[in-house]
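Visitor: start_3.txt is reproduced below (compact mmCIF, C-alpha atoms).
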```txt
# COMPACT_ATOMS: atom_id res chain seq x y z
CA MET A 42 32.08 28.85 -16.17
CA SER A 43 29.53 30.43 -13.86
CA ASP A 44 29.55 27.58 -11.32
CA PRO A 45 32.95 25.84 -11.03
CA GLY A 46 32.64 22.19 -10.10
CA PHE A 47 29.15 21.75 -11.57
CA ARG A 48 28.92 18.61 -13.70
CA CYS A 49 26.73 17.92 -16.70
CA GLY A 50 26.71 15.43 -19.54
CA PHE A 51 24.85 13.03 -21.80
CA ILE A 52 24.62 9.40 -20.67
CA ALA A 53 23.51 6.96 -23.38
CA ILE A 54 21.89 3.77 -22.16
CA ALA A 55 22.59 0.98 -24.65
CA GLY A 56 21.63 -2.65 -24.81
CA ARG A 57 19.67 -5.24 -26.68
CA PRO A 58 15.87 -4.99 -26.85
CA ASN A 59 13.82 -5.46 -23.69
CA VAL A 60 16.60 -5.33 -21.09
CA GLY A 61 14.90 -2.46 -19.24
CA LYS A 62 16.45 0.73 -20.65
CA SER A 63 13.22 2.72 -20.73
CA THR A 64 12.18 1.55 -17.26
CA LEU A 65 15.56 2.73 -15.98
CA VAL A 66 15.28 6.19 -17.54
CA ASN A 67 11.83 6.64 -16.01
CA ALA A 68 13.16 5.54 -12.60
CA LEU A 69 16.20 7.81 -12.77
CA VAL A 70 14.25 10.90 -13.75
CA GLY A 71 11.24 10.15 -11.57
CA ASN A 72 8.91 10.84 -14.48
CA LYS A 73 7.39 8.83 -17.29
CA ILE A 74 9.66 9.83 -20.14
CA SER A 75 9.64 6.62 -22.17
CA ILE A 76 6.73 4.31 -22.83
CA VAL A 77 7.20 0.75 -21.57
CA SER A 78 5.81 -2.60 -22.66
CA PRO A 79 6.93 -6.23 -22.36
CA LYS A 80 7.45 -6.33 -26.12
CA PRO A 81 10.93 -5.70 -27.57
CA GLN A 82 11.58 -2.62 -29.73
CA THR A 83 9.00 -0.45 -27.99
CA THR A 84 11.40 2.53 -28.10
CA ARG A 85 11.92 3.68 -31.69
CA GLY A 86 14.11 6.77 -31.31
CA ARG A 87 16.38 8.67 -28.94
CA LEU A 88 14.58 10.16 -25.95
CA LEU A 89 16.08 12.45 -23.32
CA GLY A 90 15.33 12.25 -19.62
CA ILE A 91 16.88 15.05 -17.55
CA LEU A 92 17.74 14.77 -13.87
CA LYS A 93 18.76 17.99 -12.08
CA ARG A 94 20.68 17.61 -8.84
CA GLU A 95 22.31 20.16 -6.57
CA ARG A 96 25.71 19.99 -8.25
CA SER A 97 24.94 18.27 -11.54
CA GLN A 98 22.56 17.77 -14.43
CA LEU A 99 22.38 14.23 -15.80
CA ILE A 100 20.95 13.91 -19.30
CA PHE A 101 19.97 10.30 -19.94
CA VAL A 102 19.50 9.15 -23.52
CA ASP A 103 17.08 6.26 -23.88
CA THR A 104 17.94 4.40 -27.08
CA PRO A 105 16.20 1.76 -29.17
CA GLY A 106 17.40 -1.76 -28.50
CA ILE A 107 20.24 -2.59 -30.89
CA HIS A 108 19.23 -5.69 -32.81
CA ALA A 109 20.54 -7.79 -35.67
CA GLY A 110 18.50 -9.12 -38.56
CA GLY A 111 16.13 -6.16 -38.92
CA ARG A 112 15.89 -5.64 -42.66
CA ARG A 113 13.14 -3.05 -42.79
CA ALA A 114 13.77 0.68 -42.98
CA LEU A 115 12.28 1.15 -39.51
CA ASN A 116 14.76 -1.32 -37.98
CA ARG A 117 17.67 0.35 -39.75
CA ARG A 118 16.59 3.75 -38.43
CA MET A 119 16.31 2.39 -34.90
CA ASN A 120 19.82 0.94 -35.03
CA ARG A 121 21.21 4.18 -36.46
CA ALA A 122 19.51 6.20 -33.72
CA ALA A 123 21.09 4.00 -31.05
CA SER A 124 24.52 4.12 -32.68
CA SER A 125 24.39 7.90 -33.00
CA ALA A 126 23.41 8.28 -29.34
CA ILE A 127 26.40 6.19 -28.29
CA ALA A 128 28.79 8.20 -30.46
CA ASP A 129 27.50 11.56 -29.20
CA ALA A 130 27.37 10.77 -25.47
CA ASP A 131 29.83 11.72 -22.74
CA MET A 132 29.36 8.28 -21.19
CA VAL A 133 27.74 5.00 -22.23
CA LEU A 134 25.98 2.56 -19.91
CA LEU A 135 25.73 -0.95 -21.32
CA MET A 136 22.77 -2.72 -19.77
CA VAL A 137 22.52 -6.50 -19.64
CA GLU A 138 19.79 -8.67 -18.20
CA GLY A 139 20.56 -10.45 -14.94
CA THR A 140 23.53 -12.75 -15.19
CA GLN A 141 22.85 -13.61 -18.83
CA TRP A 142 25.57 -12.50 -21.23
CA ARG A 143 24.65 -13.18 -24.84
CA ASP A 144 26.44 -12.86 -28.16
CA GLN A 145 24.37 -9.77 -28.91
CA ASP A 146 25.68 -8.15 -25.72
CA ASP A 147 29.22 -8.71 -27.01
CA ARG A 148 28.38 -7.03 -30.32
CA ILE A 149 26.90 -4.00 -28.56
CA LEU A 150 29.84 -3.82 -26.14
CA ARG A 151 32.26 -3.69 -29.07
CA GLN A 152 30.29 -0.78 -30.50
CA CYS A 153 30.34 1.03 -27.15
CA VAL A 154 34.08 0.56 -26.76
CA ALA A 155 34.74 1.63 -30.37
CA SER A 156 33.00 4.95 -29.65
CA GLY A 157 35.90 5.90 -27.38
CA ARG A 158 33.49 6.93 -24.64
CA PRO A 159 33.82 5.73 -21.04
CA VAL A 160 31.63 2.65 -20.58
CA GLY A 161 29.87 1.49 -17.42
CA LEU A 162 28.15 -1.88 -17.04
CA LEU A 163 24.67 -2.22 -15.54
CA ILE A 164 23.41 -5.65 -14.53
CA ASN A 165 19.64 -5.14 -14.50
CA LYS A 166 16.76 -7.21 -13.09
CA ILE A 167 18.67 -8.44 -10.06
CA ASP A 168 15.32 -8.64 -8.28
CA THR A 169 14.50 -11.64 -10.48
CA LEU A 170 17.61 -13.66 -9.58
CA GLU A 171 17.05 -16.79 -7.54
CA SER A 172 20.12 -15.89 -5.48
CA ARG A 173 22.30 -12.79 -5.28
CA ASP A 174 25.22 -15.21 -4.95
CA GLN A 175 25.15 -15.41 -8.75
CA LEU A 176 26.28 -11.80 -9.03
CA LEU A 177 29.85 -12.03 -7.76
CA PRO A 178 31.11 -14.62 -10.28
CA PHE A 179 29.29 -12.80 -13.06
CA LEU A 180 30.98 -9.51 -12.11
CA GLU A 181 34.36 -11.23 -11.93
CA ASN A 182 33.92 -12.70 -15.42
CA SER A 183 32.69 -9.38 -16.79
CA LYS A 184 35.89 -7.59 -15.76
CA ASP A 185 37.75 -9.28 -18.60
CA LYS A 186 35.33 -8.10 -21.28
CA ALA A 187 36.24 -4.40 -21.22
CA ASP A 188 37.82 -1.67 -19.13
CA PHE A 189 34.55 -0.65 -17.49
CA ILE A 190 34.67 2.54 -15.40
CA PHE A 191 32.21 0.85 -13.03
CA MET A 192 29.94 -2.18 -12.78
CA ILE A 193 26.71 -1.87 -10.80
CA PRO A 194 23.93 -4.44 -10.28
CA ILE A 195 20.53 -2.73 -10.29
CA SER A 196 16.82 -3.26 -10.59
CA ALA A 197 15.19 -0.53 -12.65
CA ARG A 198 11.79 -1.87 -11.66
CA SER A 199 12.24 -2.03 -7.89
CA GLY A 200 14.79 0.78 -7.58
CA ASP A 201 17.60 -1.33 -6.12
CA ASN A 202 20.92 0.60 -6.25
CA ILE A 203 19.46 3.44 -8.34
CA ASP A 204 20.66 6.13 -5.90
CA ASP A 205 24.14 4.61 -5.89
CA LEU A 206 24.11 4.57 -9.69
CA VAL A 207 23.25 8.28 -9.86
CA ARG A 208 26.05 9.22 -7.45
CA THR A 209 28.53 7.11 -9.40
CA ILE A 210 27.56 8.60 -12.75
CA GLU A 211 27.79 12.09 -11.29
CA ARG A 212 31.45 11.57 -10.34
CA HIS A 213 32.36 10.60 -13.90
CA LEU A 214 30.68 13.48 -15.74
CA PRO A 215 32.70 16.39 -17.13
CA GLU A 216 32.58 19.80 -15.50
CA SER A 217 30.06 21.85 -17.41
CA PRO A 218 27.20 24.28 -16.75
CA PRO A 219 23.67 22.85 -17.11
CA LEU A 220 22.50 22.48 -20.70
CA PHE A 221 18.76 22.57 -20.00
CA PRO A 222 16.52 24.74 -17.80
CA VAL A 223 16.08 23.51 -14.23
CA GLU A 224 12.41 22.63 -14.69
CA GLN A 225 12.85 20.65 -17.93
CA VAL A 226 12.72 16.84 -17.63
CA THR A 227 12.62 15.83 -21.30
CA ASP A 228 13.09 17.14 -24.82
CA GLN A 229 9.74 15.75 -25.96
CA THR A 230 6.90 17.95 -27.15
CA GLN A 231 3.39 17.39 -25.83
CA ILE A 232 2.31 16.17 -29.26
CA PHE A 233 5.09 13.58 -29.34
CA ARG A 234 4.22 12.40 -25.82
CA ALA A 235 0.58 12.06 -26.77
CA GLY A 236 1.44 9.87 -29.75
CA GLU A 237 3.75 7.70 -27.68
CA LEU A 238 1.18 7.18 -24.91
CA VAL A 239 -1.39 6.07 -27.49
CA ARG A 240 1.14 3.72 -29.07
CA GLU A 241 2.00 2.31 -25.64
CA GLN A 242 -1.57 1.11 -25.22
CA LEU A 243 -1.55 -0.40 -28.68
CA MET A 244 1.62 -2.29 -27.71
CA LEU A 245 0.12 -3.44 -24.41
CA GLN A 246 -3.33 -4.45 -25.62
CA LEU A 247 -2.52 -6.13 -28.93
CA GLN A 248 -0.84 -9.48 -29.33
CA GLN A 249 1.72 -11.10 -31.60
CA GLU A 250 3.10 -9.14 -34.54
CA VAL A 251 0.46 -6.43 -34.84
CA PRO A 252 2.09 -3.84 -32.49
CA TYR A 253 5.26 -3.82 -34.58
CA SER A 254 3.24 -2.82 -37.65
CA ILE A 255 1.62 0.20 -36.00
CA ALA A 256 2.60 3.85 -35.98
CA VAL A 257 0.65 6.69 -34.40
CA GLN A 258 0.23 10.13 -35.93
CA ILE A 259 -1.37 13.00 -34.03
CA GLU A 260 -3.73 14.80 -36.41
CA GLU A 261 -5.01 17.42 -33.94
CA PHE A 262 -3.79 18.59 -30.53
CA ARG A 263 -5.62 21.42 -28.78
CA ASP A 264 -4.55 22.28 -25.25
CA GLU A 265 -7.41 24.22 -23.69
CA PRO A 266 -7.54 25.52 -20.10
CA LYS A 267 -9.50 22.55 -18.74
CA LEU A 268 -9.33 20.03 -21.55
CA VAL A 269 -6.89 18.58 -24.08
CA LYS A 270 -8.49 17.54 -27.37
CA ILE A 271 -6.55 14.95 -29.33
CA SER A 272 -7.25 13.22 -32.62
CA ALA A 273 -4.87 10.39 -33.48
CA THR A 274 -4.51 7.98 -36.38
CA SER A 275 -3.07 4.52 -35.90
CA TRP A 276 -1.45 3.38 -39.13
CA VAL A 277 -1.23 -0.35 -39.89
CA GLU A 278 0.14 -2.18 -42.90
CA ARG A 279 -2.71 -4.57 -43.80
CA GLU A 280 -6.50 -4.66 -43.73
CA GLY A 281 -6.37 -7.71 -41.48
CA GLN A 282 -4.39 -5.74 -38.89
CA LYS A 283 -6.94 -2.94 -39.04
CA ALA A 284 -9.70 -5.41 -38.19
CA ILE A 285 -7.71 -6.69 -35.19
CA VAL A 286 -7.09 -3.18 -33.85
CA ILE A 287 -10.76 -2.24 -34.15
CA GLY A 288 -11.98 -5.55 -32.76
CA ARG A 289 -15.46 -7.00 -32.79
CA GLN A 290 -17.99 -4.17 -32.86
CA GLY A 291 -15.14 -1.77 -32.11
CA ALA A 292 -14.48 -3.25 -28.66
CA MET A 293 -10.67 -3.35 -28.91
CA LEU A 294 -10.34 0.19 -30.19
CA LYS A 295 -12.62 1.43 -27.41
CA LYS A 296 -10.48 -0.35 -24.82
CA ILE A 297 -7.27 1.08 -26.26
CA GLY A 298 -8.80 4.56 -26.35
CA ARG A 299 -10.01 4.32 -22.75
CA CYS A 300 -6.63 3.15 -21.42
CA ALA A 301 -4.75 5.75 -23.50
CA ARG A 302 -7.03 8.53 -22.29
CA LEU A 303 -6.32 7.67 -18.65
CA GLU A 304 -2.55 7.77 -19.28
CA LEU A 305 -2.85 11.04 -21.17
CA GLU A 306 -4.80 12.60 -18.30
CA LYS A 307 -2.03 11.57 -15.89
CA ALA A 308 0.59 13.08 -18.19
CA PHE A 309 -1.18 16.39 -18.84
CA GLY A 310 -2.93 16.83 -15.50
CA LYS A 311 -6.35 17.59 -16.99
CA LYS A 312 -9.25 15.94 -18.78
CA VAL A 313 -8.58 14.55 -22.25
CA TYR A 314 -10.97 14.07 -25.15
CA LEU A 315 -9.42 11.46 -27.45
CA GLN A 316 -10.54 10.39 -30.90
CA LEU A 317 -8.84 7.35 -32.44
CA TRP A 318 -8.84 6.29 -36.07
CA VAL A 319 -7.27 3.28 -37.76
CA LYS A 320 -6.03 3.47 -41.34
CA VAL A 321 -3.99 1.26 -43.65
CA ARG A 322 -0.74 2.35 -45.28
CA GLU A 323 0.85 -0.68 -46.88
CA ASN A 324 4.46 -1.40 -46.00
CA TRP A 325 4.93 1.88 -44.11
CA SER A 326 7.71 0.40 -41.93
CA ASP A 327 9.88 -0.17 -45.01
CA ASP A 328 9.07 3.14 -46.69
CA GLU A 329 11.58 5.91 -45.98
CA ARG A 330 9.16 8.63 -47.06
CA ALA A 331 6.41 7.28 -44.80
CA LEU A 332 8.80 7.09 -41.84
CA GLN A 333 9.78 10.72 -42.40
CA GLN A 334 6.15 11.80 -42.53
CA LEU A 335 5.39 9.86 -39.34
CA GLY A 336 8.19 11.66 -37.51
CA ILE A 337 10.35 8.58 -36.90
CA GLU A 338 13.79 10.11 -36.73
CA ASP A 339 16.74 9.23 -38.90
CA THR A 340 20.34 9.92 -37.96
```
Transcribe the structure of this file into structure tokens.

Guide:
Amino acid sequence: MSDPGFRCGFIAIAGRPNVGKSTLVNALVGNKISIVSPKPQTTRGRLLGILKRERSQLIFVDTPGIHAGGRRALNRRMNRAASSAIADADMVLLMVEGTQWRDQDDRILRQCVASGRPVGLLINKIDTLESRDQLLPFLENSKDKADFIFMIPISARSGDNIDDLVRTIERHLPESPPLFPVEQVTDQTQIFRAGELVREQLMLQLQQEVPYSIAVQIEEFRDEPKLVKISATSWVEREGQKAIVIGRQGAMLKKIGRCARLELEKAFGKKVYLQLWVKVRENWSDDERALQQLGIEDT
């Protein structure tokens, strides 16, 4: 080993949908790696966020929320992606929301423990608690659930205890040289990031069930010196959903395109020309071939 004492490893962040996993990865890395929306199941595959420190490299794996009852092929792929990330990691962080411990948290904890990996417990959203006095009894009760290597209350949104979390994780990683170049912060390609940033705006701007029936496919991506040209198709499952995405006289699609373009310009640091199309592909979320073509990973 070229640098004895250097630590590096994969840290999978597991939990049920919408507990704040993606927000945490973005906060830890200091970069927008994962898209975020208030809607559950925004993350659909494993995403890496890489934090390089003086004596360590922490590779965070953002996973889809593990959920029961999803019968469609997309849901099965999401659960498999999360399970695979847990099995392959050097360490697993189980994230729960505030002082709420639900049956689904128990099911995910059993999966984490069964992986044989060290498991830490993160109590997220402590900034929303009426009183921090609720934390101590919750931590005491949680001790009996598993042999956690640590338990840390945090707020991914406000940054509470994030620095302490990083130092604690660092101490539990195996000695290893860095696995990624110093400047790399994610494993995502620019094309993948573009598709995700467009989908984020679809998730944020549309209501009810429509966002869950949408996938984004980048048809063209041209990175020129002063301009990025992107053409993207939003796939929906029914004609009625297409009408909702487009909106009256195209108003909704224009809004989505404008908001997505601003996020893309932040991400790429230059002007973006974005074309958006909406097309129907019936039942794509339960079609294994369609999922493969849309780049939604299977494990």

Visitor: Show me, as JSON lines, the residues of range 206-225 of chain A having an atom within 12 Å of range 179-197 of chain A, each with the closest atom pair and its distance in Å, using only C-alpha atoms.

Guide:
```
{"residue": "A:Leu206", "atom": "CA", "partner": "A:Ile193", "partner_atom": "CA", "distance": 7.0}
{"residue": "A:Val207", "atom": "CA", "partner": "A:Ile193", "partner_atom": "CA", "distance": 10.8}
{"residue": "A:Arg208", "atom": "CA", "partner": "A:Ile193", "partner_atom": "CA", "distance": 11.6}
{"residue": "A:Thr209", "atom": "CA", "partner": "A:Phe191", "partner_atom": "CA", "distance": 8.1}
{"residue": "A:Ile210", "atom": "CA", "partner": "A:Phe191", "partner_atom": "CA", "distance": 9.0}
{"residue": "A:Arg212", "atom": "CA", "partner": "A:Ile190", "partner_atom": "CA", "distance": 10.8}
{"residue": "A:His213", "atom": "CA", "partner": "A:Ile190", "partner_atom": "CA", "distance": 8.5}
{"residue": "A:Leu214", "atom": "CA", "partner": "A:Ile190", "partner_atom": "CA", "distance": 11.6}
```

Visitor: With only C-alpha atoms as the atoms that count, which of A:Val66, A:Leu303, A:Val239, A:Leu177 lies nearest to Ile52 in chain A?

Guide: A:Val66

Visitor: Tell me which of A:Asp201, A:Glu216, A:Asp131, A:Glu265 sits closest to Ile100 in chain A, counting all atoms listed in the file.

Guide: A:Asp131

Visitor: Taking the point (0.2, -5.7, -35.9) as given in the file, collect each protein or nucleic acid residue that comes within 12 Å of it, counting all atoms listed in the file, and present the set as a count of residues only.

Guide: 32

Visitor: Just how far from CA of Asn72 in chain A is CA of Arg263 in chain A, in Å to one decimal?

Guide: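 So the two atoms, CA of Arg263 in chain A and CA of Asn72 in chain A, lie 23.0 Å apart.
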
Visitor: Separation of CA of Met293 in chain A and CA of Gln316 in chain A, in Å?

Guide: 13.9 Å

Visitor: Would you kindly return, as a list in words, each protein, DNA or RNA residue with an atom no farther than 9 Å from any atom of Leu305 in chain A, considering only C-alpha atoms and excluding same-chain residues fewer than 5 positions away?

Guide: Arg234, Ala235, Leu238, Val239, Cys300, Gly310, Lys311, Lys312 and Val313 of chain A

Visitor: Which of these, A:Pro219, A:Gly61, A:Gly50, A:Pro266, has the shortest distance to Phe101 in chain A once you count all atoms listed in the file?

Guide: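 Residue with the minimum atom-to-atom distance to Phe101 in chain A: A:Gly50.
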
Visitor: From the set A:Leu317, A:Ala308, A:Cys153, A:Ile203, which residue has the shortest atom-to-atom contact distance to Gly291 in chain A, counting all atoms listed in the file?

Guide: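 The shortest atom-to-atom distance to Gly291 in chain A comes from A:Leu317.
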
Visitor: Using all atoms listed in the file, pick whichever of A:Pro215, A:Gly157, A:Gly139, A:Gly86 has the shortest atom-to-atom distance to Leu332 in chain A.

Guide: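 Residue with the minimum atom-to-atom distance to Leu332 in chain A: A:Gly86.
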
Visitor: N, CA, C and O atoms are what I want for range 199-217 of chain A; can you complete it accordingly and write them as an mmCIF file, in the coordinates of the input?

Guide:
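Output (result_32.cif):
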```cif
data_model
loop_
_atom_site.group_PDB
_atom_site.id
_atom_site.type_symbol
_atom_site.label_atom_id
_atom_site.label_comp_id
_atom_site.auth_asym_id
_atom_site.auth_seq_id
_atom_site.Cartn_x
_atom_site.Cartn_y
_atom_site.Cartn_z
ATOM 1 N N SER A 199 12.426 -2.178 -9.334
ATOM 2 C CA SER A 199 12.240 -2.030 -7.890
ATOM 3 C C SER A 199 13.025 -0.863 -7.303
ATOM 4 O O SER A 199 12.789 -0.451 -6.171
ATOM 5 N N GLY A 200 13.993 -0.341 -8.064
ATOM 6 C CA GLY A 200 14.790 0.780 -7.580
ATOM 7 C C GLY A 200 16.058 0.395 -6.853
ATOM 8 O O GLY A 200 16.779 1.272 -6.357
ATOM 9 N N ASP A 201 16.385 -0.889 -6.798
ATOM 10 C CA ASP A 201 17.600 -1.330 -6.120
ATOM 11 C C ASP A 201 18.835 -0.664 -6.728
ATOM 12 O O ASP A 201 19.060 -0.733 -7.940
ATOM 13 N N ASN A 202 19.639 -0.011 -5.876
ATOM 14 C CA ASN A 202 20.920 0.600 -6.250
ATOM 15 C C ASN A 202 20.811 1.783 -7.209
ATOM 16 O O ASN A 202 21.834 2.232 -7.748
ATOM 17 N N ILE A 203 19.617 2.309 -7.417
ATOM 18 C CA ILE A 203 19.460 3.440 -8.340
ATOM 19 C C ILE A 203 20.149 4.691 -7.783
ATOM 20 O O ILE A 203 20.829 5.421 -8.520
ATOM 21 N N ASP A 204 20.005 4.949 -6.494
ATOM 22 C CA ASP A 204 20.660 6.130 -5.900
ATOM 23 C C ASP A 204 22.179 6.023 -6.003
ATOM 24 O O ASP A 204 22.869 7.006 -6.298
ATOM 25 N N ASP A 205 22.703 4.829 -5.767
ATOM 26 C CA ASP A 205 24.140 4.610 -5.890
ATOM 27 C C ASP A 205 24.604 4.819 -7.322
ATOM 28 O O ASP A 205 25.669 5.398 -7.571
ATOM 29 N N LEU A 206 23.784 4.371 -8.277
ATOM 30 C CA LEU A 206 24.110 4.570 -9.690
ATOM 31 C C LEU A 206 24.197 6.050 -10.025
ATOM 32 O O LEU A 206 25.144 6.487 -10.688
ATOM 33 N N VAL A 207 23.244 6.844 -9.569
ATOM 34 C CA VAL A 207 23.250 8.280 -9.860
ATOM 35 C C VAL A 207 24.497 8.944 -9.303
ATOM 36 O O VAL A 207 25.162 9.736 -9.988
ATOM 37 N N ARG A 208 24.850 8.628 -8.057
ATOM 38 C CA ARG A 208 26.050 9.220 -7.450
ATOM 39 C C ARG A 208 27.313 8.818 -8.209
ATOM 40 O O ARG A 208 28.233 9.626 -8.397
ATOM 41 N N THR A 209 27.351 7.584 -8.666
ATOM 42 C CA THR A 209 28.530 7.110 -9.400
ATOM 43 C C THR A 209 28.649 7.798 -10.746
ATOM 44 O O THR A 209 29.744 8.236 -11.146
ATOM 45 N N ILE A 210 27.543 7.897 -11.461
ATOM 46 C CA ILE A 210 27.560 8.600 -12.750
ATOM 47 C C ILE A 210 28.021 10.037 -12.571
ATOM 48 O O ILE A 210 28.851 10.552 -13.333
ATOM 49 N N GLU A 211 27.488 10.682 -11.553
ATOM 50 C CA GLU A 211 27.790 12.090 -11.290
ATOM 51 C C GLU A 211 29.298 12.317 -11.188
ATOM 52 O O GLU A 211 29.839 13.301 -11.714
ATOM 53 N N ARG A 212 30.001 11.404 -10.530
ATOM 54 C CA ARG A 212 31.450 11.570 -10.340
ATOM 55 C C ARG A 212 32.223 11.474 -11.648
ATOM 56 O O ARG A 212 33.349 11.982 -11.744
ATOM 57 N N HIS A 213 31.643 10.816 -12.643
ATOM 58 C CA HIS A 213 32.360 10.600 -13.900
ATOM 59 C C HIS A 213 31.971 11.586 -15.005
ATOM 60 O O HIS A 213 32.501 11.497 -16.120
ATOM 61 N N LEU A 214 31.088 12.511 -14.717
ATOM 62 C CA LEU A 214 30.680 13.480 -15.740
ATOM 63 C C LEU A 214 31.698 14.617 -15.831
ATOM 64 O O LEU A 214 32.355 14.957 -14.851
ATOM 65 N N PRO A 215 31.799 15.242 -16.992
ATOM 66 C CA PRO A 215 32.700 16.390 -17.130
ATOM 67 C C PRO A 215 32.140 17.623 -16.426
ATOM 68 O O PRO A 215 30.925 17.745 -16.238
ATOM 69 N N GLU A 216 33.022 18.517 -16.035
ATOM 70 C CA GLU A 216 32.580 19.800 -15.500
ATOM 71 C C GLU A 216 31.972 20.614 -16.630
ATOM 72 O O GLU A 216 32.588 20.809 -17.674
ATOM 73 N N SER A 217 30.774 21.091 -16.384
ATOM 74 C CA SER A 217 30.060 21.850 -17.410
ATOM 75 C C SER A 217 28.853 22.508 -16.765
ATOM 76 O O SER A 217 28.263 21.955 -15.834
#
```
